[in-house]
$ cat structure-v1.cif   # mmCIF, C-alpha atoms
data_work
#
loop_
_atom_site.label_atom_id
_atom_site.label_comp_id
_atom_site.auth_asym_id
_atom_site.auth_seq_id
_atom_site.Cartn_x
_atom_site.Cartn_y
_atom_site.Cartn_z
CA MET A 12 -65.09 62.85 -183.21
CA PRO A 13 -68.18 63.26 -181.03
CA GLU A 14 -67.50 62.71 -177.32
CA PRO A 15 -69.86 59.68 -176.99
CA VAL A 16 -67.89 57.90 -179.76
CA VAL A 17 -64.55 58.68 -178.08
CA ALA A 18 -65.94 57.59 -174.68
CA ALA A 19 -67.22 54.26 -176.04
CA VAL A 20 -63.94 53.48 -177.84
CA ARG A 21 -61.89 54.33 -174.75
CA ALA A 22 -64.12 52.23 -172.49
CA MET A 23 -63.74 49.20 -174.78
CA ALA A 24 -59.96 49.71 -174.95
CA ARG A 25 -59.68 49.93 -171.16
CA ARG A 26 -61.64 46.68 -170.76
CA GLU A 27 -59.32 44.86 -173.13
CA ALA A 28 -56.29 46.35 -171.36
CA ALA A 29 -57.56 45.12 -167.99
CA ALA A 30 -58.13 41.63 -169.39
CA ALA A 31 -54.65 41.52 -170.96
CA LEU A 32 -52.95 41.13 -167.58
CA LEU A 33 -55.26 38.58 -166.00
CA PRO A 34 -53.27 35.66 -164.60
CA ALA A 35 -54.09 32.38 -166.33
CA PRO A 36 -55.48 29.60 -164.14
CA ARG A 37 -52.85 27.10 -162.99
CA VAL A 38 -53.01 23.79 -164.81
CA GLU A 39 -50.92 20.81 -163.75
CA PHE A 40 -48.60 19.34 -166.36
CA GLY A 41 -50.46 16.83 -168.50
CA ALA A 42 -53.87 17.85 -167.12
CA GLU A 43 -56.57 19.33 -169.30
CA GLY A 44 -57.18 22.94 -168.41
CA PRO A 45 -60.33 24.99 -168.70
CA SER A 46 -61.57 25.59 -172.21
CA VAL A 47 -63.86 27.70 -174.37
CA ARG A 48 -65.98 26.02 -177.02
CA VAL A 49 -66.05 27.99 -180.26
CA ASN A 50 -69.08 28.14 -182.51
CA LEU A 51 -68.11 29.55 -185.90
CA VAL A 52 -70.81 31.58 -187.65
CA ALA A 53 -70.86 32.05 -191.43
CA CYS A 54 -70.02 35.65 -192.32
CA PRO A 55 -72.64 37.48 -194.40
CA VAL A 56 -70.10 40.21 -195.27
CA CYS A 57 -67.32 38.19 -196.92
CA GLY A 58 -69.11 34.85 -197.33
CA ALA A 59 -66.67 32.88 -195.13
CA PRO A 60 -68.48 29.61 -194.39
CA GLU A 61 -68.55 27.75 -191.11
CA GLN A 62 -65.55 25.47 -191.29
CA THR A 63 -63.56 23.10 -189.17
CA ARG A 64 -60.40 24.44 -187.60
CA ALA A 65 -57.62 22.73 -185.72
CA TRP A 66 -57.97 24.39 -182.31
CA ALA A 67 -55.23 24.79 -179.71
CA PRO A 68 -56.13 24.93 -176.01
CA PRO A 69 -58.06 26.61 -174.53
CA PHE A 70 -60.17 26.62 -177.73
CA LYS A 71 -62.38 23.64 -178.58
CA ASP A 72 -64.94 22.98 -181.26
CA ALA A 73 -68.44 23.70 -179.94
CA ALA A 74 -69.74 20.61 -181.74
CA GLY A 75 -67.44 18.34 -179.72
CA PRO A 76 -68.65 16.02 -176.97
CA ASP A 77 -67.53 18.25 -174.07
CA ARG A 78 -70.47 20.41 -172.98
CA SER A 79 -68.89 21.64 -169.75
CA ALA A 80 -67.27 24.79 -171.13
CA PRO A 81 -68.67 28.20 -172.06
CA VAL A 82 -69.35 28.89 -175.75
CA LEU A 83 -67.92 31.77 -177.76
CA HIS A 84 -69.73 32.57 -181.01
CA MET A 85 -67.42 34.16 -183.58
CA LEU A 86 -67.36 34.89 -187.29
CA ALA A 87 -65.75 32.23 -189.48
CA CYS A 88 -63.48 34.92 -190.94
CA GLU A 89 -62.00 36.12 -187.66
CA MET A 90 -59.48 34.89 -185.15
CA LEU A 91 -58.61 35.83 -181.61
CA THR A 92 -55.50 35.35 -179.56
CA ILE A 93 -55.49 32.77 -176.79
CA ARG A 94 -55.10 35.55 -174.23
CA ALA A 95 -58.25 37.23 -175.59
CA VAL A 96 -60.48 34.48 -174.16
CA LEU A 97 -58.82 34.58 -170.74
CA PRO A 98 -61.69 36.60 -169.19
CA ILE A 99 -64.10 33.79 -170.14
CA VAL A 100 -61.72 31.09 -168.89
CA VAL A 101 -61.09 32.87 -165.57
CA ALA A 102 -64.81 33.55 -165.05
CA ALA A 103 -65.66 29.89 -165.75
CA VAL A 104 -63.02 28.67 -163.28
CA ARG A 105 -64.28 31.06 -160.58
CA SER A 106 -67.96 30.43 -161.30
CA PRO A 107 -68.66 26.83 -162.37
CA GLY A 108 -72.26 27.87 -163.12
CA LEU A 109 -70.98 29.48 -166.34
CA ALA A 110 -70.49 26.04 -167.90
CA GLY A 111 -72.88 26.67 -170.79
CA ALA A 112 -72.71 30.47 -170.84
CA GLN A 113 -72.91 32.06 -174.30
CA PHE A 114 -70.63 34.89 -175.42
CA ASN A 115 -70.16 36.77 -178.69
CA THR A 116 -67.09 38.36 -180.17
CA ARG A 117 -67.22 42.07 -180.86
CA ALA A 118 -67.37 41.26 -184.57
CA LEU A 119 -70.68 39.44 -184.13
CA THR A 120 -72.12 42.18 -181.97
CA TRP A 121 -70.87 44.78 -184.45
CA LEU A 122 -72.58 42.87 -187.26
CA GLU A 123 -75.89 43.16 -185.40
CA VAL A 124 -75.62 46.95 -184.95
CA SER A 125 -73.41 48.24 -187.77
CA HIS A 126 -76.47 49.42 -189.72
CA LEU A 127 -76.97 52.12 -187.07
CA GLN A 128 -75.29 55.52 -187.05
CA LEU A 129 -71.64 55.13 -185.88
CA GLU A 130 -72.26 56.71 -182.49
CA LYS A 131 -75.25 54.47 -181.74
CA ALA A 132 -73.51 51.34 -183.06
CA LEU A 133 -70.42 51.89 -180.89
CA GLU A 134 -72.57 52.63 -177.84
CA ALA A 135 -74.47 49.37 -178.45
CA VAL A 136 -71.24 47.34 -178.65
CA ASP A 137 -69.91 49.08 -175.53
CA THR A 138 -73.13 48.32 -173.64
CA ALA A 139 -73.18 44.66 -174.72
CA GLU A 140 -69.59 44.33 -173.61
CA ALA A 141 -70.18 46.07 -170.27
CA ASN A 142 -73.09 43.68 -169.65
CA GLY A 143 -70.78 40.71 -170.17
CA ARG A 144 -72.45 39.36 -173.31
CA THR A 145 -69.64 40.46 -175.65
CA LEU A 146 -65.95 39.60 -175.23
CA ALA A 147 -63.67 42.61 -174.78
CA ALA A 148 -61.08 41.66 -177.39
CA SER A 149 -59.69 42.88 -180.69
CA THR A 150 -59.88 40.61 -183.70
CA ARG A 151 -57.85 39.71 -186.76
CA PRO A 152 -58.88 38.27 -190.12
CA TYR A 153 -58.61 34.50 -190.44
CA ARG A 154 -57.16 33.54 -193.81
CA PRO A 155 -55.99 29.93 -193.67
CA ALA A 156 -55.22 29.61 -197.39
CA GLU A 157 -53.18 32.81 -197.63
CA VAL A 158 -49.44 32.24 -197.60
CA GLY A 159 -46.58 34.67 -197.58
CA TRP A 160 -45.19 37.36 -195.37
CA THR A 161 -47.16 40.19 -197.01
CA GLY A 162 -50.51 38.64 -196.13
CA LEU A 163 -49.41 37.57 -192.67
CA ARG A 164 -47.88 40.96 -191.89
CA ARG A 165 -51.04 42.80 -192.95
CA ASP A 166 -53.10 40.70 -190.55
CA LEU A 167 -50.84 41.25 -187.54
CA VAL A 168 -52.55 44.57 -186.83
CA PRO A 169 -55.89 43.88 -185.17
CA SER A 170 -59.10 45.82 -185.46
CA PHE A 171 -60.94 46.57 -182.25
CA LEU A 172 -64.31 45.77 -183.85
CA SER A 173 -64.29 43.34 -186.73
CA PRO A 174 -62.36 42.08 -189.72
CA HIS A 175 -64.92 44.12 -191.70
CA ALA A 176 -65.21 47.20 -189.51
CA ASP A 177 -65.65 50.34 -191.53
CA VAL A 178 -64.64 52.92 -188.95
CA PRO A 179 -62.25 55.86 -189.35
CA ASP A 180 -58.56 55.04 -188.87
CA SER A 181 -58.49 57.70 -186.16
CA LEU A 182 -60.75 55.46 -184.02
CA GLU A 183 -58.48 52.45 -184.56
CA ARG A 184 -55.50 54.61 -183.47
CA LEU A 185 -57.40 55.99 -180.46
CA TYR A 186 -58.28 52.45 -179.42
CA ALA A 187 -54.71 51.17 -179.82
CA GLU A 188 -53.25 54.12 -177.89
CA THR A 189 -55.79 53.82 -175.07
CA ARG A 190 -55.33 50.04 -174.82
CA GLY A 191 -51.53 50.39 -174.78
CA ALA A 192 -51.61 53.08 -172.09
CA GLY A 193 -54.07 50.99 -170.07
CA ILE A 194 -51.83 47.92 -170.17
CA VAL A 195 -48.84 49.95 -169.00
CA ALA A 196 -50.84 51.61 -166.20
CA ASN A 197 -52.30 48.28 -165.04
CA TYR A 198 -48.86 46.64 -165.11
CA GLN A 199 -47.36 49.48 -163.05
CA ARG A 200 -50.21 49.13 -160.53
CA ILE A 201 -49.55 45.37 -160.25
CA CYS A 202 -45.82 45.97 -159.74
CA GLU A 203 -46.46 48.59 -157.05
CA THR A 204 -48.76 46.30 -155.08
CA SER A 205 -46.53 43.21 -155.36
#

$ encode --input "structure-v1.cif" --output "structure tokens"
Amino acid sequence: MPEPVVAAVRAMARREAAAALLPAPRVEFGAEGPSVRVNLVACPVCGAPEQTRAWAPPFKDAAGPDRSAPVLHMLACEMLTIRAVLPIVVAAVRSPGLAGAQFNTRALTWLEVSHLQLEKALEAVDTAEANGRTLAASTRPYRPAEVGWTGLRRDLVPSFLSPHADVPDSLERLYAETRGAGIVANYQRICETS
């Protein structure tokens, strides 16, 4: 793989690893904690339409009455873990001015640039993420109608770009290895300083 591709993939993996160990804001029992409003975008790749989902905190429907939280735009065919949005939640708690801030998932950013050569597309996603416009988080396919262990098991493994990313498996492995090593290194650093 060309060095710029490897560098971009590693940088994205390190960002996600750093976010994985952020401490969640303290929320008193029974109190409503900070949230992220989600705006689902119809997917032009698989045809998944905008739909209503039952959201668990900190996720909320962007169309709801609460306009005080940041908005995350994501494909209707993808899902993120709760921990994935922690960087947005933490930033909003620390900086109340981010109340209406707009963010995209990597899958949306990838959709905008995937027509480019692989190296240029990955550099564009990396840049958008470094600038804070794109969330540093892997994604999984969202298949609400699919039942059974085979379908669920297949979707446990995330992609670092999109449910529709067409990148070599070697890049997915490089990302997973770099993210895993980054989480371990960050955890060790936290333990040493505690």

$ closest_residue --input "structure-v1.cif" --among "A:Leu32, A:Val38, A:Leu109, A:Val17" --to "Ile201 in chain A" --atoms "all atoms listed in the file"
A:Leu32

$ closest_residue --input "structure-v1.cif" --among "A:Leu122, A:Ala135, A:Leu129, A:Ala95" --to "Arg26 in chain A" --atoms "all atoms listed in the file"
A:Ala95

$ atom_distance --input "structure-v1.cif" --atom1 "CA of Tyr153 in chain A" --atom2 "CA of Ala87 in chain A"
7.6 Å

$ closest_residue --input "structure-v1.cif" --among "A:Leu133, A:Ala28, A:Val49, A:Ile194" --to "Leu182 in chain A" --atoms "only C-alpha atoms"
A:Leu133

$ resolve_selection --input "structure-v1.cif" --expression "the PyMOL selection byres ((chain A and resi 59-75) around 8)" --output "PyMOL selection string"
chain A and resi 44-55+57-58+76-78+82+87-88+93

$ resolve_selection --input "structure-v1.cif" --expression "the PyMOL selection byres ((chain A and resi 113) around 8)" --output "list in words"
Pro81, Val82, Leu83, His84, Gly111, Ala112, Phe114, Asn115 and Arg144 of chain A

$ atom_distance --input "structure-v1.cif" --atom1 "CA of Met23 in chain A" --atom2 "CA of Leu127 in chain A"
18.3 Å

$ residues_around --input "structure-v1.cif" --residues "Glu134 in chain A" --least-positions-apart "3" --cutoff "12 Å" --atoms "all atoms listed in the file" --output "PDB file with C-alpha atoms, in the coordinates of the input"
ATOM      1  CA  PRO A  13     -68.180  63.260-181.030  1.00  0.00           C
ATOM      2  CA  GLU A  14     -67.500  62.710-177.320  1.00  0.00           C
ATOM      3  CA  PRO A  15     -69.860  59.680-176.990  1.00  0.00           C
ATOM      4  CA  VAL A  16     -67.890  57.900-179.760  1.00  0.00           C
ATOM      5  CA  VAL A  17     -64.550  58.680-178.080  1.00  0.00           C
ATOM      6  CA  ALA A  18     -65.940  57.590-174.680  1.00  0.00           C
ATOM      7  CA  ALA A  19     -67.220  54.260-176.040  1.00  0.00           C
ATOM      8  CA  VAL A  20     -63.940  53.480-177.840  1.00  0.00           C
ATOM      9  CA  ARG A  21     -61.890  54.330-174.750  1.00  0.00           C
ATOM     10  CA  ALA A  22     -64.120  52.230-172.490  1.00  0.00           C
ATOM     11  CA  MET A  23     -63.740  49.200-174.780  1.00  0.00           C
ATOM     12  CA  THR A 120     -72.120  42.180-181.970  1.00  0.00           C
ATOM     13  CA  TRP A 121     -70.870  44.780-184.450  1.00  0.00           C
ATOM     14  CA  VAL A 124     -75.620  46.950-184.950  1.00  0.00           C
ATOM     15  CA  SER A 125     -73.410  48.240-187.770  1.00  0.00           C
ATOM     16  CA  LEU A 127     -76.970  52.120-187.070  1.00  0.00           C
ATOM     17  CA  GLN A 128     -75.290  55.520-187.050  1.00  0.00           C
ATOM     18  CA  LEU A 129     -71.640  55.130-185.880  1.00  0.00           C
ATOM     19  CA  GLU A 130     -72.260  56.710-182.490  1.00  0.00           C
ATOM     20  CA  LYS A 131     -75.250  54.470-181.740  1.00  0.00           C
ATOM     21  CA  ASP A 137     -69.910  49.080-175.530  1.00  0.00           C
ATOM     22  CA  THR A 138     -73.130  48.320-173.640  1.00  0.00           C
ATOM     23  CA  ALA A 139     -73.180  44.660-174.720  1.00  0.00           C
ATOM     24  CA  GLU A 140     -69.590  44.330-173.610  1.00  0.00           C
ATOM     25  CA  ALA A 141     -70.180  46.070-170.270  1.00  0.00           C
TER      26      ALA A 141
END

$ atom_distance --input "structure-v1.cif" --atom1 "CA of Ala192 in chain A" --atom2 "CA of Arg25 in chain A"
8.7 Å

$ closest_residue --input "structure-v1.cif" --among "A:Thr189, A:Ser181, A:Ser79, A:Thr204" --to "Val100 in chain A" --atoms "all atoms listed in the file"
A:Ser79

$ closest_residue --input "structure-v1.cif" --among "A:Gly193, A:Val136, A:Gly143, A:Ala118" --to "Ala176 in chain A" --atoms "only C-alpha atoms"
A:Ala118

$ resolve_selection --input "structure-v1.cif" --expression "the PyMOL selection byres ((chain A and resi 174) around 8)" --output "ChimeraX atom specification"
/A:88-89,118,150-152,170,172-173,175-176

$ axis_aligned_box --input "structure-v1.cif" --around "range 25-44 of chain A" --padding-each-side "3 Å" --output "JSON"
{"center_x": -55.1, "center_y": 33.4, "center_z": -168.1, "size_x": 19.0, "size_y": 39.1, "size_z": 16.1}

$ closest_residue --input "structure-v1.cif" --among "A:Glu39, A:Val56, A:Arg184, A:Ser149" --to "Val96 in chain A" --atoms "only C-alpha atoms"
A:Ser149

$ residues_near_point --input "structure-v1.cif" --point "(-50.2, 48.2, -186.6)" --cutoff "12 Å" --atoms "only C-alpha atoms" --output "number ranges by chain"
A: 151, 164-171, 180, 183-184, 186-188

$ decode --input "structure-v1.cif" --residues "range 53-66 of chain A" --atoms "N, CA and C atoms" --output "mmCIF file, in the first residue's frame"
data_model
loop_
_atom_site.group_PDB
_atom_site.id
_atom_site.type_symbol
_atom_site.label_atom_id
_atom_site.label_comp_id
_atom_site.auth_asym_id
_atom_site.auth_seq_id
_atom_site.Cartn_x
_atom_site.Cartn_y
_atom_site.Cartn_z
ATOM 1 N N ALA A 53 -31.020 9.169 3.644
ATOM 2 C CA ALA A 53 -31.265 8.036 2.750
ATOM 3 C C ALA A 53 -29.964 7.654 2.049
ATOM 4 N N CYS A 54 -29.730 6.358 1.913
ATOM 5 C CA CYS A 54 -28.480 5.885 1.312
ATOM 6 C C CYS A 54 -28.646 5.656 -0.186
ATOM 7 N N PRO A 55 -27.871 6.354 -1.009
ATOM 8 C CA PRO A 55 -27.966 6.154 -2.451
ATOM 9 C C PRO A 55 -27.316 4.854 -2.921
ATOM 10 N N VAL A 56 -26.533 4.199 -2.051
ATOM 11 C CA VAL A 56 -25.859 2.959 -2.437
ATOM 12 C C VAL A 56 -26.801 1.765 -2.328
ATOM 13 N N CYS A 57 -27.434 1.604 -1.163
ATOM 14 C CA CYS A 57 -28.290 0.427 -0.944
ATOM 15 C C CYS A 57 -29.778 0.768 -0.976
ATOM 16 N N GLY A 58 -30.102 2.058 -1.018
ATOM 17 C CA GLY A 58 -31.499 2.468 -1.079
ATOM 18 C C GLY A 58 -32.194 2.537 0.270
ATOM 19 N N ALA A 59 -31.462 2.370 1.378
ATOM 20 C CA ALA A 59 -32.093 2.446 2.701
ATOM 21 C C ALA A 59 -32.717 3.829 2.874
ATOM 22 N N PRO A 60 -34.023 3.869 3.155
ATOM 23 C CA PRO A 60 -34.707 5.162 3.281
ATOM 24 C C PRO A 60 -34.533 5.742 4.681
ATOM 25 N N GLU A 61 -34.748 7.042 4.775
ATOM 26 C CA GLU A 61 -34.798 7.653 6.109
ATOM 27 C C GLU A 61 -35.937 6.955 6.841
ATOM 28 N N GLN A 62 -35.708 6.574 8.065
ATOM 29 C CA GLN A 62 -36.748 5.883 8.814
ATOM 30 C C GLN A 62 -36.695 6.321 10.266
ATOM 31 N N THR A 63 -37.712 5.960 10.993
ATOM 32 C CA THR A 63 -37.748 6.268 12.412
ATOM 33 C C THR A 63 -37.108 5.117 13.158
ATOM 34 N N ARG A 64 -36.295 5.437 14.127
ATOM 35 C CA ARG A 64 -35.687 4.417 14.971
ATOM 36 C C ARG A 64 -36.029 4.722 16.419
ATOM 37 N N ALA A 65 -36.026 3.691 17.220
ATOM 38 C CA ALA A 65 -36.168 3.877 18.666
ATOM 39 C C ALA A 65 -34.756 4.112 19.198
ATOM 40 N N TRP A 66 -34.468 5.330 19.619
ATOM 41 C CA TRP A 66 -33.122 5.695 20.043
ATOM 42 C C TRP A 66 -32.951 5.531 21.549
#
